[in-house]
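input-v7.txt follows (compact mmCIF, C-alpha atoms):
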```txt
# COMPACT_ATOMS: atom_id res chain seq x y z
CA MET A 18 -60.72 -60.26 14.43
CA ARG A 19 -57.35 -59.23 15.78
CA ASN A 20 -56.08 -55.75 14.85
CA ARG A 21 -52.90 -55.89 12.91
CA ARG A 22 -50.31 -53.46 14.17
CA TYR A 23 -48.95 -50.97 11.63
CA ARG A 24 -45.39 -51.56 10.71
CA PRO A 25 -43.40 -49.29 8.50
CA GLN A 26 -42.27 -50.87 5.32
CA SER A 27 -38.81 -52.11 5.89
CA THR A 28 -37.99 -52.02 2.19
CA LEU A 29 -37.70 -48.17 2.13
CA SER A 30 -34.12 -46.97 1.89
CA HIS A 31 -33.02 -44.33 4.43
CA GLU A 32 -30.03 -43.26 2.38
CA PHE A 33 -30.34 -40.36 0.00
CA GLU A 34 -27.92 -38.35 -2.11
CA LEU A 35 -27.86 -34.56 -2.21
CA ASP A 36 -27.93 -33.20 -5.73
CA LEU A 37 -24.76 -31.09 -5.89
CA ALA A 38 -24.94 -30.37 -9.60
CA PRO A 39 -26.69 -26.92 -9.32
CA LEU A 40 -24.25 -25.85 -6.58
CA LEU A 41 -21.34 -26.88 -8.75
CA ALA A 42 -22.81 -25.00 -11.71
CA VAL A 43 -22.93 -21.77 -9.64
CA MET A 44 -19.36 -22.27 -8.47
CA VAL A 45 -18.05 -22.90 -11.96
CA LYS A 46 -19.49 -19.51 -12.98
CA LEU A 47 -18.29 -17.67 -9.86
CA VAL A 48 -14.69 -18.89 -9.88
CA PRO A 49 -13.69 -17.34 -13.25
CA VAL A 50 -15.37 -14.02 -12.29
CA LEU A 51 -13.44 -13.88 -9.01
CA LEU A 52 -10.21 -15.01 -10.66
CA VAL A 53 -10.36 -12.05 -13.03
CA SER A 54 -11.09 -9.49 -10.32
CA SER A 55 -8.72 -10.81 -7.66
CA ALA A 56 -5.70 -8.80 -6.54
CA PHE A 57 -3.01 -11.24 -5.54
CA VAL A 58 -0.56 -8.42 -4.80
CA GLN A 59 -2.40 -5.81 -2.79
CA MET A 60 -0.92 -2.44 -3.59
CA MET A 61 -1.55 0.53 -1.32
CA MET A 62 -0.50 4.14 -1.31
CA VAL A 63 1.28 6.26 1.27
CA GLU A 64 -0.82 9.35 1.58
CA THR A 65 -2.98 10.76 4.27
CA ASP A 66 -6.68 10.59 3.89
CA LEU A 67 -7.64 12.29 7.10
CA PRO A 68 -10.92 12.72 8.96
CA GLN A 69 -12.51 16.16 8.50
CA ALA A 70 -11.61 17.46 11.99
CA VAL A 71 -7.98 16.41 11.55
CA LYS A 72 -7.82 17.93 8.06
CA GLU A 73 -9.04 21.27 9.41
CA ALA A 74 -6.56 21.11 12.29
CA VAL A 75 -3.73 20.42 9.81
CA VAL A 76 -4.73 23.51 7.77
CA ARG A 77 -4.93 25.66 10.94
CA ASN A 78 -1.48 24.46 12.00
CA GLU A 79 -0.08 25.18 8.54
CA LYS A 80 -1.37 28.77 8.73
CA ALA A 81 -0.12 29.47 12.24
CA PRO A 82 2.56 26.96 13.21
CA THR A 83 3.32 26.84 16.92
CA ALA A 84 6.12 24.32 16.65
CA ASN A 85 8.36 22.65 14.11
CA LEU A 86 9.42 19.01 14.24
CA GLN A 87 12.28 17.73 12.14
CA LEU A 88 13.69 14.22 11.90
CA ASP A 89 17.22 13.76 10.62
CA ILE A 90 17.93 10.22 9.39
CA SER A 91 21.53 9.14 9.25
CA GLY A 92 22.77 5.63 8.59
CA LYS A 93 25.77 6.18 10.86
CA ASP A 94 24.39 8.26 13.76
CA GLY A 95 20.80 7.07 13.79
CA LEU A 96 17.75 9.27 14.19
CA ARG A 97 17.73 12.82 15.51
CA LEU A 98 14.49 14.56 16.45
CA ILE A 99 14.58 18.34 16.63
CA LEU A 100 11.56 20.01 18.22
CA ALA A 101 11.55 23.79 17.88
CA LEU A 102 8.80 25.67 19.70
CA THR A 103 8.13 29.24 18.63
CA GLY A 104 10.40 31.58 20.55
CA GLN A 105 12.31 28.81 22.32
CA ALA A 106 15.58 26.99 21.79
CA PRO A 107 15.13 23.68 19.92
CA THR A 108 15.13 20.41 21.85
CA VAL A 109 17.23 17.66 20.28
CA THR A 110 16.65 13.96 20.96
CA LEU A 111 19.13 11.45 19.60
CA ILE A 112 17.91 7.89 19.01
CA PRO A 113 20.97 5.73 18.30
CA ASN A 114 20.82 2.71 16.03
CA ARG A 115 20.23 -0.77 17.43
CA GLY A 116 23.08 -3.18 17.97
CA ASP A 117 22.54 -4.76 14.53
CA GLY A 118 22.81 -1.36 12.81
CA GLY A 119 19.09 -0.93 12.08
CA PHE A 120 17.07 2.10 13.11
CA ASN A 121 15.48 1.94 16.55
CA LEU A 122 11.91 2.37 15.36
CA SER A 123 10.22 1.44 18.65
CA ASP A 124 12.11 4.19 20.51
CA LEU A 125 11.30 6.63 17.72
CA HIS A 126 7.60 5.78 17.93
CA ALA A 127 7.60 6.18 21.74
CA ARG A 128 9.28 9.59 21.47
CA LEU A 129 6.87 10.72 18.74
CA VAL A 130 3.91 9.70 20.92
CA GLU A 131 5.39 11.81 23.77
CA ILE A 132 5.79 14.83 21.49
CA LYS A 133 2.30 14.42 20.04
CA THR A 134 0.77 14.13 23.53
CA ALA A 135 2.51 17.35 24.56
CA HIS A 136 1.66 19.15 21.28
CA PRO A 137 -1.58 17.71 19.88
CA ASP A 138 -1.90 20.56 17.36
CA LEU A 139 1.31 19.54 15.59
CA PHE A 140 0.76 17.38 12.48
CA ARG A 141 3.74 18.13 10.28
CA LEU A 142 6.98 16.19 10.32
CA GLU A 143 9.92 17.39 8.30
CA LEU A 144 12.05 14.48 7.12
CA ASN A 145 15.70 15.00 6.41
CA PRO A 146 17.06 11.65 5.19
CA GLY A 147 20.71 11.14 4.31
CA ALA A 148 21.61 10.40 0.68
CA ASN A 149 22.42 6.73 1.34
CA ILE A 150 19.23 5.89 3.27
CA ALA A 151 17.21 3.11 1.62
CA TYR A 152 13.69 3.85 0.43
CA ARG A 153 12.31 0.95 2.50
CA ASP A 154 13.67 2.54 5.70
CA ILE A 155 12.08 5.90 4.85
CA VAL A 156 8.68 4.23 4.34
CA LYS A 157 9.06 2.37 7.66
CA ILE A 158 9.86 5.63 9.48
CA MET A 159 6.84 7.30 7.85
CA ASP A 160 4.71 4.38 9.07
CA GLU A 161 5.96 4.92 12.63
CA ALA A 162 5.15 8.63 12.49
CA ARG A 163 1.74 8.45 10.81
CA LYS A 164 -0.40 6.79 13.47
CA ALA A 165 -0.21 5.66 17.09
CA LYS A 166 0.21 1.90 17.15
CA ASP A 167 -1.49 1.46 20.51
CA SER A 168 -5.24 1.58 19.88
CA LYS A 169 -5.77 2.99 23.39
CA ILE A 170 -3.77 6.13 22.61
CA HIS A 171 -5.79 9.00 21.16
CA PHE A 172 -4.98 12.65 20.70
CA PRO A 173 -7.53 15.45 21.13
CA VAL A 174 -8.47 17.70 18.20
CA THR A 175 -10.47 20.81 19.16
CA ASP A 176 -12.67 22.64 16.69
CA PRO A 177 -12.20 26.36 17.53
CA LYS A 178 -15.63 27.27 16.12
CA THR A 179 -17.77 24.86 18.10
CA GLN A 180 -15.22 24.03 20.83
CA THR A 181 -16.03 20.36 20.36
CA VAL A 182 -13.23 17.96 21.09
CA SER A 183 -12.82 14.87 18.93
CA GLU A 184 -10.13 12.22 19.13
CA THR A 185 -7.75 10.85 16.53
CA ASP A 186 -4.99 8.28 16.41
CA TYR A 187 -3.15 10.22 13.70
CA MET A 188 0.15 11.70 14.87
CA PHE A 189 2.20 13.21 12.05
CA PRO A 190 0.46 12.42 8.75
CA ASN A 191 1.81 15.52 7.04
CA VAL A 192 5.32 14.49 5.99
CA VAL A 193 7.57 16.86 4.05
CA PHE A 194 11.01 16.08 2.64
CA VAL A 195 12.86 19.25 3.60
CA ASN A 196 16.10 18.51 1.82
CA MET A 197 14.49 17.60 -1.53
CA MET A 198 15.41 20.91 -3.16
CA GLU A 199 18.94 21.02 -1.79
CA GLY A 200 21.81 20.52 -4.17
CA MET B 29 -25.65 -80.87 -29.32
CA ARG B 30 -26.56 -77.33 -29.98
CA ARG B 31 -24.00 -74.73 -28.96
CA THR B 32 -25.23 -71.86 -26.81
CA ARG B 33 -24.30 -68.45 -28.00
CA TYR B 34 -22.19 -66.34 -25.61
CA LYS B 35 -24.14 -63.42 -24.23
CA LEU B 36 -22.71 -60.37 -22.52
CA PRO B 37 -23.81 -60.07 -18.91
CA LYS B 38 -26.52 -57.48 -18.37
CA THR B 39 -25.04 -54.36 -16.73
CA GLN B 40 -26.77 -51.20 -15.62
CA SER B 41 -26.14 -48.47 -18.25
CA VAL B 42 -27.05 -45.51 -15.94
CA PHE B 43 -24.27 -44.30 -13.66
CA THR B 44 -23.89 -41.29 -11.37
CA LEU B 45 -20.75 -39.18 -11.20
CA ASN B 46 -19.53 -38.47 -7.68
CA ILE B 47 -18.97 -34.72 -7.64
CA THR B 48 -18.61 -34.28 -3.87
CA SER B 49 -14.82 -33.99 -3.96
CA MET B 50 -15.01 -31.49 -6.83
CA THR B 51 -17.50 -29.39 -4.87
CA ASP B 52 -15.12 -29.48 -1.88
CA MET B 53 -12.31 -28.15 -4.05
CA PHE B 54 -14.47 -25.40 -5.52
CA THR B 55 -15.65 -24.32 -2.06
CA ILE B 56 -12.05 -23.86 -0.87
CA LEU B 57 -11.18 -22.01 -4.08
CA LEU B 58 -14.21 -19.75 -3.74
CA VAL B 59 -13.35 -18.74 -0.17
CA PHE B 60 -9.76 -17.95 -1.19
CA LEU B 61 -10.85 -15.87 -4.17
CA LEU B 62 -13.43 -13.97 -2.12
CA GLN B 63 -10.63 -13.00 0.29
CA THR B 64 -8.44 -11.64 -2.47
CA TYR B 65 -11.30 -9.92 -4.27
CA SER B 66 -10.32 -6.36 -5.14
CA THR B 67 -12.84 -3.54 -4.96
CA SER B 68 -10.33 -0.82 -5.81
CA ALA B 69 -11.56 1.69 -8.39
CA VAL B 70 -8.14 2.04 -10.01
CA GLU B 71 -6.13 -0.99 -10.95
CA VAL B 72 -2.37 -0.51 -10.74
CA LEU B 73 -0.16 -3.28 -11.98
CA PRO B 74 3.17 -3.53 -10.19
CA GLU B 75 6.26 -3.57 -12.41
CA LYS B 76 7.88 -6.99 -12.54
CA ASP B 77 11.44 -5.94 -11.62
CA ILE B 78 10.46 -3.70 -8.70
CA ASN B 79 10.24 -4.78 -5.07
CA LEU B 80 7.89 -2.23 -3.53
CA PRO B 81 8.43 -1.32 0.13
CA VAL B 82 6.14 -2.83 2.74
CA SER B 83 3.89 -0.41 4.58
CA ASN B 84 0.81 -0.35 6.81
CA ALA B 85 -0.78 2.34 4.63
CA GLU B 86 -4.50 1.71 4.13
CA LEU B 87 -5.24 3.92 1.15
CA SER B 88 -6.01 2.39 -2.24
CA PRO B 89 -4.23 3.85 -5.27
CA VAL B 90 -5.92 6.70 -7.12
CA LYS B 91 -5.68 7.78 -10.75
CA ALA B 92 -2.24 9.31 -11.26
CA LEU B 93 0.66 9.34 -13.66
CA ASN B 94 2.54 6.10 -13.17
CA VAL B 95 6.28 6.62 -12.71
CA SER B 96 8.37 3.59 -11.86
CA VAL B 97 12.00 3.43 -10.83
CA SER B 98 13.81 0.11 -10.72
CA ARG B 99 17.53 -0.48 -10.22
CA SER B 100 18.01 -0.34 -14.00
CA GLU B 101 15.25 1.79 -15.56
CA LEU B 102 13.06 4.84 -15.08
CA LYS B 103 9.69 4.46 -16.78
CA ILE B 104 6.62 6.64 -17.32
CA GLU B 105 3.45 4.64 -17.99
CA GLY B 106 5.58 1.67 -19.03
CA ARG B 107 7.82 3.61 -21.44
CA THR B 108 11.53 3.67 -20.61
CA ILE B 109 12.75 7.25 -20.15
CA ALA B 110 16.18 6.82 -18.61
CA SER B 111 18.43 4.02 -17.53
CA LEU B 112 20.14 3.51 -14.18
CA ASP B 113 23.38 1.77 -13.36
CA ASN B 114 22.84 -0.29 -10.21
CA GLY B 115 20.38 2.21 -8.76
CA GLU B 116 22.23 5.36 -9.81
CA PHE B 117 21.31 7.63 -12.71
CA GLN B 118 23.83 7.86 -15.52
CA GLY B 119 25.79 11.06 -15.94
CA SER B 120 24.47 11.72 -19.45
CA ASP B 121 20.88 12.00 -18.13
CA ILE B 122 21.80 14.43 -15.33
CA ASP B 123 22.11 18.16 -15.89
CA GLN B 124 25.73 19.30 -15.45
CA LYS B 125 24.75 22.42 -13.52
CA ASP B 126 22.10 20.77 -11.33
CA PRO B 127 23.01 17.28 -10.02
CA ASN B 128 19.38 16.53 -9.02
CA PHE B 129 17.87 17.35 -12.42
CA ILE B 130 17.02 14.40 -14.71
CA LYS B 131 16.77 15.90 -18.18
CA PRO B 132 14.73 13.17 -20.00
CA LEU B 133 12.24 12.92 -17.12
CA PHE B 134 11.68 16.68 -17.13
CA GLN B 135 11.19 16.77 -20.92
CA GLU B 136 8.71 13.89 -20.85
CA LEU B 137 6.70 15.34 -17.94
CA ARG B 138 6.56 18.78 -19.60
CA GLN B 139 5.33 17.14 -22.81
CA LEU B 140 2.60 15.31 -20.90
CA GLN B 141 1.52 18.51 -19.18
CA GLY B 142 1.44 20.38 -22.47
CA LYS B 143 -0.94 17.92 -24.09
CA PRO B 144 -4.51 19.18 -24.60
CA GLY B 145 -6.84 17.97 -21.88
CA ALA B 146 -3.99 17.23 -19.49
CA ASP B 147 -4.85 17.48 -15.79
CA GLN B 148 -2.89 20.47 -14.44
CA SER B 149 -3.17 19.26 -10.85
CA ALA B 150 -2.01 15.77 -11.77
CA ALA B 151 -0.19 13.69 -9.23
CA ILE B 152 2.49 11.07 -9.66
CA LEU B 153 2.18 7.54 -8.34
CA LEU B 154 5.76 6.53 -7.70
CA GLN B 155 6.60 2.84 -7.84
CA ALA B 156 10.16 2.65 -6.63
CA ASP B 157 12.31 -0.31 -5.67
CA SER B 158 12.67 -0.57 -1.90
CA GLY B 159 16.44 -0.97 -2.23
CA LEU B 160 16.96 2.38 -3.96
CA THR B 161 18.68 5.13 -2.02
CA TYR B 162 17.14 8.48 -1.13
CA GLN B 163 19.77 10.09 -3.37
CA ALA B 164 18.22 8.49 -6.47
CA LEU B 165 14.64 9.11 -5.36
CA ARG B 166 15.34 12.72 -4.51
CA LYS B 167 16.34 13.32 -8.13
CA VAL B 168 12.98 11.97 -9.32
CA MET B 169 11.02 13.98 -6.72
CA TYR B 170 12.98 17.16 -7.45
CA THR B 171 12.61 16.90 -11.24
CA SER B 172 8.90 16.04 -10.96
CA SER B 173 8.19 19.08 -8.81
CA MET B 174 10.19 21.27 -11.20
CA ALA B 175 8.09 19.92 -14.10
CA GLY B 176 4.83 20.83 -12.35
CA PHE B 177 4.03 17.61 -10.50
CA PRO B 178 4.48 18.50 -6.81
CA GLN B 179 2.05 15.84 -5.54
CA LEU B 180 3.79 12.53 -5.08
CA LYS B 181 2.14 9.35 -3.92
CA MET B 182 4.29 6.39 -3.02
CA ALA B 183 3.10 2.93 -3.97
CA THR B 184 3.64 0.27 -1.32
CA VAL B 185 2.50 -3.28 -0.71
CA VAL B 186 0.60 -4.66 2.23
CA GLY B 187 2.59 -7.09 4.31
CA GLU B 188 4.27 -8.10 7.57
```

Whole structure given in structure tokens:
Amino acid sequence: MRNRRYRPQSTLSHEFELDLAPLLAVMVKLVPVLLVSSAFVQMMMVETDLPQAVKEAVVRNEKAPTANLQLDISGKDGLRLILALTGQAPTVTLIPNRGDGGFNLSDLHARLVEIKTAHPDLFRLELNPGANIAYRDIVKIMDEARKAKDSKIHFPVTDPKTQTVSETDYMFPNVVFVNMMEG
Amino acid sequence: MRRTRYKLPKTQSVFTLNITSMTDMFTILLVFLLQTYSTSAVEVLPEKDINLPVSNAELSPVKALNVSVSRSELKIEGRTIASLDNGEFQGSDIDQKDPNFIKPLFQELRQLQGKPGADQSAAILLQADSGLTYQALRKVMYTSSMAGFPQLKMATVVGE
């Protein structure tokens, strides 16, 4: 008797459908939950939440300031940085406005990085904006002063107790409006 | 001749709904909503007539007294305190002896501080229109600090 060779049944269908109903049921429940808790306008806050080492350095600098940095903002003349070291005559740097009348923020940032590199223990920036300066420009200037934009740039922070040196990208997070109480 | 009665053709009564396209849509929606999901502890709703300034600040808002300044109104927690004329405070709201002192704002803040259980170290979350001048904002900052609210936090939006 001749052996009959096995052949798969050709009537079986190779097509199948994935049951998407449970997946859809999960999604229908998830979407309303996420819709309720979504923030379509992401609001943030300008304040400095600093690392511990930087916070301590800010307090030390507040107690015994070695230098004072002031930034005058004028719509007509541009930006004027005044660096006053204890016992020395102040150094004034004028950053004129761009051709289109806007503030030259890139030059300001570069100059602030230079000052911070030379004086890493300085964290306070005294802002002196003119009366007609727009709020949006003040926030932009504060952004430029807060942190170094280049991720490769870091400033040393030394703990006087342990003499350990840590690094931070914060420049001048402590911003004070000096002319707020003026008449 | 006998007439044959018309019969409806036999059709299959079971049908399957194709939900593949709906699942596609939900998947896209889910990814978008997961991106915008907010984990902030405090929910601050921006005022509708205020364009907040754009900043790269990374700090989420904290619990604070909500003061908003638009080009037409000064509000505390949604209540109108004073009105502005094109971004400038009106003369009747300003103290005659002190040009930076906003009388209704001071009175309202003092009232809030005097309430039992009020947080004495309370801060202000300032929502101000980006087009306002420093002159107008300085008045708010000055009056707030005089009323016992020296801590000011500026609300901004993420962008650019």

A straight line from atom CA of A:Pro82 to atom CA of A:Leu98 spans 17.5 Å

Neighbour list for A:Thr108 as a compact mmCIF listing (two decimals) with C-alpha atoms, keeping the file's coordinate frame, cut-off 7 Å, all atoms listed in the file, skip fewer than 3 positions in-chain:
```txt
# COMPACT_ATOMS: atom_id res chain seq x y z
CA ILE A 99 14.58 18.34 16.63
CA LEU A 100 11.56 20.01 18.22
CA ALA A 101 11.55 23.79 17.88
```

Neighbouring residues of A:Asp94 were defined as those with any atom within 9 Å, considering all atoms listed in the file; residues of the same chain fewer than 3 positions away were excluded. Please report them as a PyMOL selection string. chain A and resi 90-91+97+111-114

Compile the residues of chain B that lie within 9 Å of chain A, evaluated using all atoms listed in the file, and express the compilation as a PyMOL selection string. chain B and resi 47-48+50-51+54-55+57-58+61-67+71-74+80-90+126-128+153+156-167+169-170+180-187

Got a sec to check which residues sit within 12 Å of (-0.4, 17.6, 22.3), counting only C-alpha atoms, and write them as a VMD selection string? chain A and resid 83 to 84 129 to 140 170 to 175 184 to 189

Export of prior selection with C-alpha atoms as a PDB file, keeping the file's coordinate frame:
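Dumped to result_18.pdb:
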```
ATOM      1  CA  THR A  83       3.320  26.840  16.920  1.00  0.00           C
ATOM      2  CA  ALA A  84       6.120  24.320  16.650  1.00  0.00           C
ATOM      3  CA  LEU A 129       6.870  10.720  18.740  1.00  0.00           C
ATOM      4  CA  VAL A 130       3.910   9.700  20.920  1.00  0.00           C
ATOM      5  CA  GLU A 131       5.390  11.810  23.770  1.00  0.00           C
ATOM      6  CA  ILE A 132       5.790  14.830  21.490  1.00  0.00           C
ATOM      7  CA  LYS A 133       2.300  14.420  20.040  1.00  0.00           C
ATOM      8  CA  THR A 134       0.770  14.130  23.530  1.00  0.00           C
ATOM      9  CA  ALA A 135       2.510  17.350  24.560  1.00  0.00           C
ATOM     10  CA  HIS A 136       1.660  19.150  21.280  1.00  0.00           C
ATOM     11  CA  PRO A 137      -1.580  17.710  19.880  1.00  0.00           C
ATOM     12  CA  ASP A 138      -1.900  20.560  17.360  1.00  0.00           C
ATOM     13  CA  LEU A 139       1.310  19.540  15.590  1.00  0.00           C
ATOM     14  CA  PHE A 140       0.760  17.380  12.480  1.00  0.00           C
ATOM     15  CA  ILE A 170      -3.770   6.130  22.610  1.00  0.00           C
ATOM     16  CA  HIS A 171      -5.790   9.000  21.160  1.00  0.00           C
ATOM     17  CA  PHE A 172      -4.980  12.650  20.700  1.00  0.00           C
ATOM     18  CA  PRO A 173      -7.530  15.450  21.130  1.00  0.00           C
ATOM     19  CA  VAL A 174      -8.470  17.700  18.200  1.00  0.00           C
ATOM     20  CA  THR A 175     -10.470  20.810  19.160  1.00  0.00           C
ATOM     21  CA  GLU A 184     -10.130  12.220  19.130  1.00  0.00           C
ATOM     22  CA  THR A 185      -7.750  10.850  16.530  1.00  0.00           C
ATOM     23  CA  ASP A 186      -4.990   8.280  16.410  1.00  0.00           C
ATOM     24  CA  TYR A 187      -3.150  10.220  13.700  1.00  0.00           C
ATOM     25  CA  MET A 188       0.150  11.700  14.870  1.00  0.00           C
ATOM     26  CA  PHE A 189       2.200  13.210  12.050  1.00  0.00           C
TER      27      PHE A 189
END
```

Could you work out an axis-aligned bounding box for all listed atoms of stretch 169-175 of chain B, with 5 Å added on each of the six sides, and give its centre and edge lengths in Å to one decimal, as AutoDock Vina command-line options?
```
--center_x 10.5 --center_y 17.6 --center_z -10.4 --size_x 14.9 --size_y 17.3 --size_z 17.4
```

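Straight-line separation from atom CA of A:Leu88 to atom CA of B:Phe129: 24.9 Å.
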